[in-house]
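Novice: File query_3.cif follows (mmCIF, C-alpha atoms and all ligand atoms):
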data_input
#
loop_
_atom_site.label_atom_id
_atom_site.label_comp_id
_atom_site.auth_asym_id
_atom_site.auth_seq_id
_atom_site.Cartn_x
_atom_site.Cartn_y
_atom_site.Cartn_z
CA MET A 1 97.12 100.29 126.87
CA THR A 2 99.45 98.06 124.87
CA MET A 3 100.80 99.29 121.53
CA ASN A 4 99.38 96.17 119.93
CA ALA A 5 95.87 97.06 121.08
CA ILE A 6 96.35 100.69 120.02
CA GLY A 7 97.32 99.42 116.57
CA GLN A 8 93.93 97.72 116.27
CA ILE A 9 91.85 100.75 117.15
CA ASN A 10 91.27 101.85 113.56
CA THR A 11 89.76 98.49 112.70
CA ILE A 12 87.14 99.28 115.36
CA VAL A 13 86.67 103.03 114.84
CA GLY A 14 86.89 102.62 111.09
CA ASP A 15 87.54 105.98 109.53
CA LEU A 16 90.48 107.75 111.16
CA ASN A 17 92.07 110.26 108.81
CA LYS A 18 93.63 113.70 108.74
CA ASN A 19 90.26 115.31 109.45
CA SER A 20 89.77 113.32 112.65
CA VAL A 21 90.18 114.98 116.03
CA VAL A 22 90.95 112.45 118.75
CA TYR A 23 90.50 113.38 122.40
CA ASP A 24 92.26 111.08 124.84
CA LEU A 25 90.67 111.67 128.26
CA GLY A 26 93.46 110.70 130.66
CA SER A 27 96.21 110.61 128.08
CA GLY A 28 99.01 109.16 130.26
CA ASP A 29 102.31 109.13 128.35
CA GLY A 30 100.53 110.16 125.14
CA ARG A 31 101.22 106.95 123.24
CA LEU A 32 97.74 106.62 121.76
CA LEU A 33 97.68 110.15 120.35
CA ILE A 34 101.23 109.94 119.03
CA TYR A 35 100.47 106.68 117.24
CA MET A 36 97.21 108.03 115.74
CA SER A 37 98.82 111.26 114.53
CA LYS A 38 101.80 109.49 113.03
CA ARG A 39 99.69 106.89 111.29
CA PHE A 40 96.63 108.91 110.20
CA GLN A 41 97.85 112.54 110.50
CA CYS A 42 94.83 113.23 112.71
CA LYS A 43 94.77 115.95 115.35
CA GLY A 44 94.94 114.98 118.99
CA VAL A 45 94.09 116.53 122.33
CA GLY A 46 95.23 114.80 125.49
CA ILE A 47 94.04 115.75 128.96
CA GLU A 48 96.04 114.50 131.90
CA PHE A 49 96.17 115.57 135.55
CA ASP A 50 99.44 113.89 136.51
CA PRO A 51 102.17 116.53 135.90
CA ILE A 52 104.84 113.89 135.37
CA TYR A 53 102.85 112.30 132.55
CA VAL A 54 102.06 115.72 131.13
CA GLU A 55 105.74 116.58 130.89
CA ARG A 56 106.70 113.15 129.56
CA SER A 57 104.03 113.14 126.88
CA ARG A 58 104.77 116.72 125.78
CA LYS A 59 108.43 115.74 125.33
CA ALA A 60 107.42 112.65 123.33
CA VAL A 61 105.12 114.74 121.12
CA HIS A 62 107.94 117.21 120.47
CA ALA A 63 110.49 114.44 119.82
CA ASN A 64 108.16 112.97 117.19
CA GLY A 65 107.70 116.35 115.48
CA LEU A 66 103.98 116.41 116.23
CA ASP A 67 103.68 119.77 118.01
CA ASP A 68 101.37 121.05 115.28
CA LEU A 69 99.01 118.12 115.60
CA ILE A 70 98.91 117.22 119.28
CA GLU A 71 98.07 119.36 122.27
CA ILE A 72 98.58 118.00 125.78
CA ARG A 73 96.62 119.82 128.47
CA HIS A 74 97.29 119.64 132.15
CA GLY A 75 93.90 119.35 133.85
CA ASP A 76 90.90 117.39 134.94
CA VAL A 77 89.01 115.49 132.24
CA CYS A 78 85.71 116.38 133.89
CA LYS A 79 86.34 120.04 133.08
CA VAL A 80 86.92 119.75 129.35
CA ASP A 81 84.83 122.48 127.74
CA ASP A 82 85.36 121.94 124.02
CA ILE A 83 84.63 118.24 123.66
CA GLU A 84 82.19 118.90 120.81
CA LYS A 85 85.25 119.44 118.58
CA ALA A 86 86.14 115.76 118.97
CA THR A 87 85.31 113.23 116.30
CA VAL A 88 86.69 110.38 118.40
CA VAL A 89 86.91 110.26 122.19
CA PHE A 90 89.08 107.65 123.81
CA MET A 91 89.01 106.88 127.52
CA PHE A 92 90.76 104.39 129.73
CA LEU A 93 89.66 105.50 133.16
CA CYS A 94 88.31 103.95 136.32
CA TYR A 95 84.64 103.24 136.89
CA GLN A 96 84.15 106.26 139.15
CA THR A 97 85.78 108.80 136.79
CA ASN A 98 83.75 107.36 133.92
CA ALA A 99 80.58 108.11 135.89
CA GLU A 100 81.73 111.64 136.80
CA LEU A 101 82.54 112.23 133.15
CA GLN A 102 79.06 111.43 131.89
CA HIS A 103 78.17 115.04 130.94
CA VAL A 104 81.35 115.42 128.87
CA VAL A 105 80.95 112.07 127.11
CA GLN A 106 77.27 112.62 126.47
CA THR A 107 78.02 116.01 124.85
CA ALA A 108 80.62 114.41 122.59
CA TYR A 109 78.25 111.59 121.68
CA ASP A 110 75.41 114.00 120.91
CA SER A 111 77.77 116.04 118.72
CA GLY A 112 78.38 112.91 116.66
CA ALA A 113 81.72 111.73 118.06
CA LYS A 114 82.59 108.07 118.34
CA ILE A 115 83.31 107.05 121.91
CA LEU A 116 85.80 104.31 122.60
CA SER A 117 86.10 103.14 126.18
CA ASN A 118 88.73 100.75 127.35
CA MET A 119 87.80 98.22 130.05
CA PHE A 120 84.53 99.81 131.13
CA SER A 121 81.23 99.87 129.26
CA LEU A 122 79.24 103.12 129.46
CA LYS A 123 75.73 102.15 130.46
CA TYR A 124 74.36 105.67 129.91
CA LEU A 125 75.09 105.40 126.18
CA GLY A 126 73.10 102.18 125.82
CA ASP A 127 74.51 99.08 124.16
CA PRO A 128 77.93 99.37 122.51
CA ARG A 129 77.91 99.13 118.75
CA VAL A 130 81.13 97.09 118.85
CA LYS A 131 82.62 95.12 121.71
CA GLU A 132 86.09 93.80 120.98
CA VAL A 133 88.79 92.07 122.94
CA CYS A 134 92.25 92.97 121.61
CA ASP A 135 95.43 91.32 122.76
CA GLY A 136 93.43 88.94 124.90
CA VAL A 137 93.13 91.53 127.69
CA THR A 138 92.02 94.88 126.28
CA HIS A 139 88.24 95.18 126.21
CA LEU A 140 87.13 97.97 123.91
CA TYR A 141 83.58 99.31 123.76
CA LEU A 142 82.63 101.51 120.84
CA TYR A 143 79.60 103.82 121.00
CA CYS A 144 78.36 105.82 118.05
CA LYS A 145 75.11 106.84 116.48
CA ASN A 146 74.12 105.11 113.30
CA GLU A 147 72.63 106.95 110.34
CA GLU A 148 69.11 105.75 111.10
CA GLU A 149 69.28 107.18 114.64
CA GLU A 150 70.70 110.42 113.31
CA GLN A 151 67.92 110.68 110.75
CA GLN A 152 65.32 110.06 113.46
CA GLN A 153 66.86 112.79 115.61
CA GLN A 154 66.93 115.12 112.64
CA GLN A 155 63.24 114.45 111.93
CA GLN A 156 62.38 115.00 115.58
CA HIS A 157 64.25 118.30 115.48
CA VAL A 158 62.39 119.37 112.33
CA GLN A 159 59.06 118.45 113.97
CA GLU A 160 59.92 120.47 117.06
CA GLU A 161 60.82 123.43 114.87
CA GLU A 162 57.54 123.04 112.96
CA GLN A 163 55.62 123.15 116.22
CA LYS A 164 57.24 126.45 117.11
CA LYS A 165 56.27 127.96 113.73
CA PRO A 166 52.60 128.91 114.37
CA GLU A 167 53.59 130.68 117.57
CA ILE A 168 56.27 132.70 115.78
CA ILE A 169 53.94 133.51 112.88
CA GLU A 170 51.21 134.62 115.27
CA LYS A 171 53.59 136.92 117.14
CA LEU A 172 54.96 138.30 113.88
CA GLU A 173 51.46 138.94 112.52
CA LEU A 174 50.53 140.82 115.65
CA TYR A 175 53.69 142.85 115.34
CA LEU A 176 53.14 143.63 111.67
CA ASP A 177 49.41 144.13 112.01
CA PRO A 178 48.78 145.66 115.43
CA LEU A 179 45.09 146.21 114.66
CA ARG A 180 44.63 142.47 115.11
CA ASN A 181 45.89 142.80 118.60
CA PRO A 182 43.08 141.67 120.91
CA TRP A 183 43.64 144.73 123.12
CA ILE A 184 43.23 147.16 120.26
CA ILE A 185 40.08 145.33 119.16
CA LYS A 186 38.76 145.57 122.73
CA ILE A 187 39.51 149.29 122.84
CA PHE A 188 37.70 149.77 119.52
CA HIS A 189 34.65 147.87 120.77
CA GLY A 190 34.78 149.94 123.96
CA ALA A 191 34.78 153.14 121.91
CA MET A 192 31.78 151.88 119.92
CA ALA A 193 29.89 151.03 123.11
CA PHE A 194 30.72 154.47 124.47
CA LEU A 195 29.33 156.13 121.34
CA LEU A 196 26.12 154.12 121.63
CA MET A 197 25.74 155.18 125.24
CA LEU A 198 26.42 158.77 124.23
CA LEU A 199 23.72 158.47 121.58
CA GLY A 200 21.26 157.16 124.18
CA PHE A 201 22.16 159.94 126.53
CA LEU A 202 21.81 162.61 123.86
CA ILE A 203 18.40 161.32 122.82
CA PHE A 204 17.37 161.42 126.47
CA TYR A 205 18.80 164.93 126.86
CA ALA A 206 17.08 166.11 123.69
CA GLY A 207 13.78 164.73 125.01
CA ILE A 208 14.10 166.76 128.22
CA HIS A 209 15.25 170.01 126.63
CA ASN A 210 13.05 169.92 123.58
CA ILE A 211 16.00 169.88 121.13
CA HIS A 212 15.41 168.53 117.63
CA LEU A 213 16.33 164.87 117.74
CA TYR A 214 17.59 164.67 114.17
CA ASN A 215 20.40 167.15 115.02
CA ILE A 216 21.68 164.99 117.84
CA SER A 217 21.31 161.70 115.90
CA PHE A 218 23.06 163.19 112.92
CA LEU A 219 25.97 164.35 115.05
CA THR A 220 26.36 160.96 116.75
CA ILE A 221 26.11 158.99 113.54
CA CYS A 222 28.74 161.27 111.97
CA LEU A 223 30.99 160.70 114.93
CA TRP A 224 30.50 156.95 114.74
CA GLY A 225 31.02 156.87 111.00
CA LEU A 226 34.17 158.93 111.33
CA THR A 227 35.66 156.57 113.92
CA THR A 228 34.91 153.50 111.79
CA TRP A 229 36.33 155.19 108.71
CA VAL A 230 39.57 156.18 110.50
CA PHE A 231 39.89 152.69 111.95
CA SER A 232 39.43 150.99 108.54
CA LYS A 233 41.92 153.41 106.92
CA VAL A 234 44.55 152.65 109.53
CA GLN A 235 43.89 148.92 109.16
CA LYS A 236 44.32 149.13 105.37
CA ALA A 237 47.52 151.15 105.74
CA VAL A 238 48.97 148.55 108.09
CA GLU A 239 47.92 145.75 105.70
CA ARG A 240 49.64 147.55 102.80
CA LYS A 241 52.82 148.02 104.82
CA ARG A 242 52.80 144.35 105.78
CA LYS A 243 52.48 143.29 102.13
CA ASP A 244 55.37 145.63 101.14
CA GLN A 245 57.58 143.98 103.74
C1 LIG B 1 95.00 103.94 132.46
S1 LIG B 1 95.79 105.45 132.04
C2 LIG B 1 95.49 105.56 130.32
C3 LIG B 1 96.55 106.27 129.57
C4 LIG B 1 96.34 106.37 128.06
N1 LIG B 1 95.05 106.86 127.73
C5 LIG B 1 96.54 105.02 127.41
O1 LIG B 1 95.58 104.36 127.02
O2 LIG B 1 97.70 104.61 127.27
C6 LIG B 1 94.68 106.62 132.76
C7 LIG B 1 95.25 108.01 132.85
O3 LIG B 1 94.19 108.91 133.18
C8 LIG B 1 94.70 109.87 134.09
N2 LIG B 1 93.53 110.38 134.81
C9 LIG B 1 92.71 109.72 135.65
N3 LIG B 1 91.72 110.52 136.09
C10 LIG B 1 91.91 111.72 135.51
C11 LIG B 1 91.24 112.98 135.56
N4 LIG B 1 90.12 113.14 136.30
N5 LIG B 1 91.70 114.00 134.83
C12 LIG B 1 92.82 113.85 134.06
N6 LIG B 1 93.50 112.71 133.98
C13 LIG B 1 93.07 111.64 134.68
C14 LIG B 1 95.68 109.13 134.94
O4 LIG B 1 96.64 109.99 135.52
C15 LIG B 1 96.29 108.17 133.92
O5 LIG B 1 97.46 108.71 133.34
#
As structure tokens, what does this structure read like?
Specialist:
Amino acid sequence: MTMNAIGQINTIVGDLNKNSVVYDLGSGDGRLLIYMSKRFQCKGVGIEFDPIYVERSRKAVHANGLDDLIEIRHGDVCKVDDIEKATVVFMFLCYQTNAELQHVVQTAYDSGAKILSNMFSLKYLGDPRVKEVCDGVTHLYLYCKNEEEEQQQQQQHVQEEEQKKPEIIEKLELYLDPLRNPWIIKIFHGAMAFLLMLLGFLIFYAGIHNIHLYNISFLTICLWGLTTWVFSKVQKAVERKRKDQ
């Protein structure tokens, strides 16, 4: 990329400053990062797989006293694993590498970075916000979210979170109040049914063996009452504990 075109980048990106972190994917001799750091004091990360360029650019960074601001990595741009730190991503790569790089670029874009592609538009990011021809030959395509889009995404996120809420509350309630657990309620109803059957059986038994019915009924009713009382006490205790929490 020509120095003249590099000099025009800020008019397209708009807000480069010392808080910016520029990633140059395929950084070549490092000229773009060196210019940006010198002019705007921004941080830069360059990724380059040609060892000759890596060495040349590292020397240039050192010669310009920018070791603290610029890091040149020797590697493949498709394997960058911290792209979400970028506020601006620059790329001047061939069509094929651009396609292979989609996951990296998409991550950067989703994290709010501005993406500036030289020569090739990036169809997967939709229409470019700015399309500029610098120097008569350099075609720059800028992709970034606008505030409206970001707000929409934010709202969507909030709605998704809201949808998860009832599920979480329900689980929490069951945890805090286990007596509302459908299984415990089923067991309780089972116990009640068992007591009723027992009562029926005892009445039958009393009929056969001539035992006074009121004794048997009294015993069963006491048993039933006791179970209900214990159950309601436990339920109240759990309720109290839940309120305390
Ligand atoms: C056209 S140059 C751009 C250099 C610099 N960004 C500039 O604008 O001056 C593209 C650079 O990307 C490097 N490159 C291409 N594919 C790459 C890959 N997969 N990983 C790392 N570097 C790559 C090339 O070695 C070359 O130096």
Novice: Which residues are near ligand LIG 1 (chain B) - at most 10 Å, using all atoms listed in the file? Format: as an NGL selection string.
Specialist: :A and (1-3 or 5-6 or 23-33 or 46-54 or 73-80 or 90-94 or 96-98 or 100-101 or 117-119)
Novice: In terms of the shortest atom-to-atom distance over all atoms listed in the file, which of A:Ile72, A:Asp135, A:Gly112, A:Gly65 is closest to Gly7 (chain A)?
Specialist: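 Smallest distance to Gly7 (chain A) is found for A:Asp135.
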Novice: Counting only C-alpha atoms, figure out which residue out of A:Val21, A:Ala191, A:Ala99, A:Val88 gets nearest to Ile70 (chain A).
Specialist: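 Of A:Val21, A:Ala191, A:Ala99, A:Val88, the one nearest Ile70 (chain A) is A:Val21, counting only C-alpha atoms.
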Novice: Residues near Arg129 (chain A), anyone? I mean within 7 Å using only C-alpha atoms, not counting same-chain ones fewer than 6 positions away, as a ChimeraX atom specification.
Specialist: /A:142-144
Novice: In Å, with one decimal, what is the gap from CA of Asn4 (chain A) to CA of Asn64 (chain A)?
Specialist: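 These atoms are spaced 19.2 Å apart.
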Novice: Between CA of Glu84 (chain A) and CA of Lys59 (chain A), what is the spacing in Å?
Specialist: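 Computed distance, CA of Lys59 (chain A) to CA of Glu84 (chain A), equals 26.8 Å.
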Novice: One decimal, Å: what's the distance from CA of Ala193 (chain A) over to CA of Lys171 (chain A), could you say?
Specialist: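 Result for CA of Ala193 (chain A) versus CA of Lys171 (chain A): 28.2 Å, one decimal.
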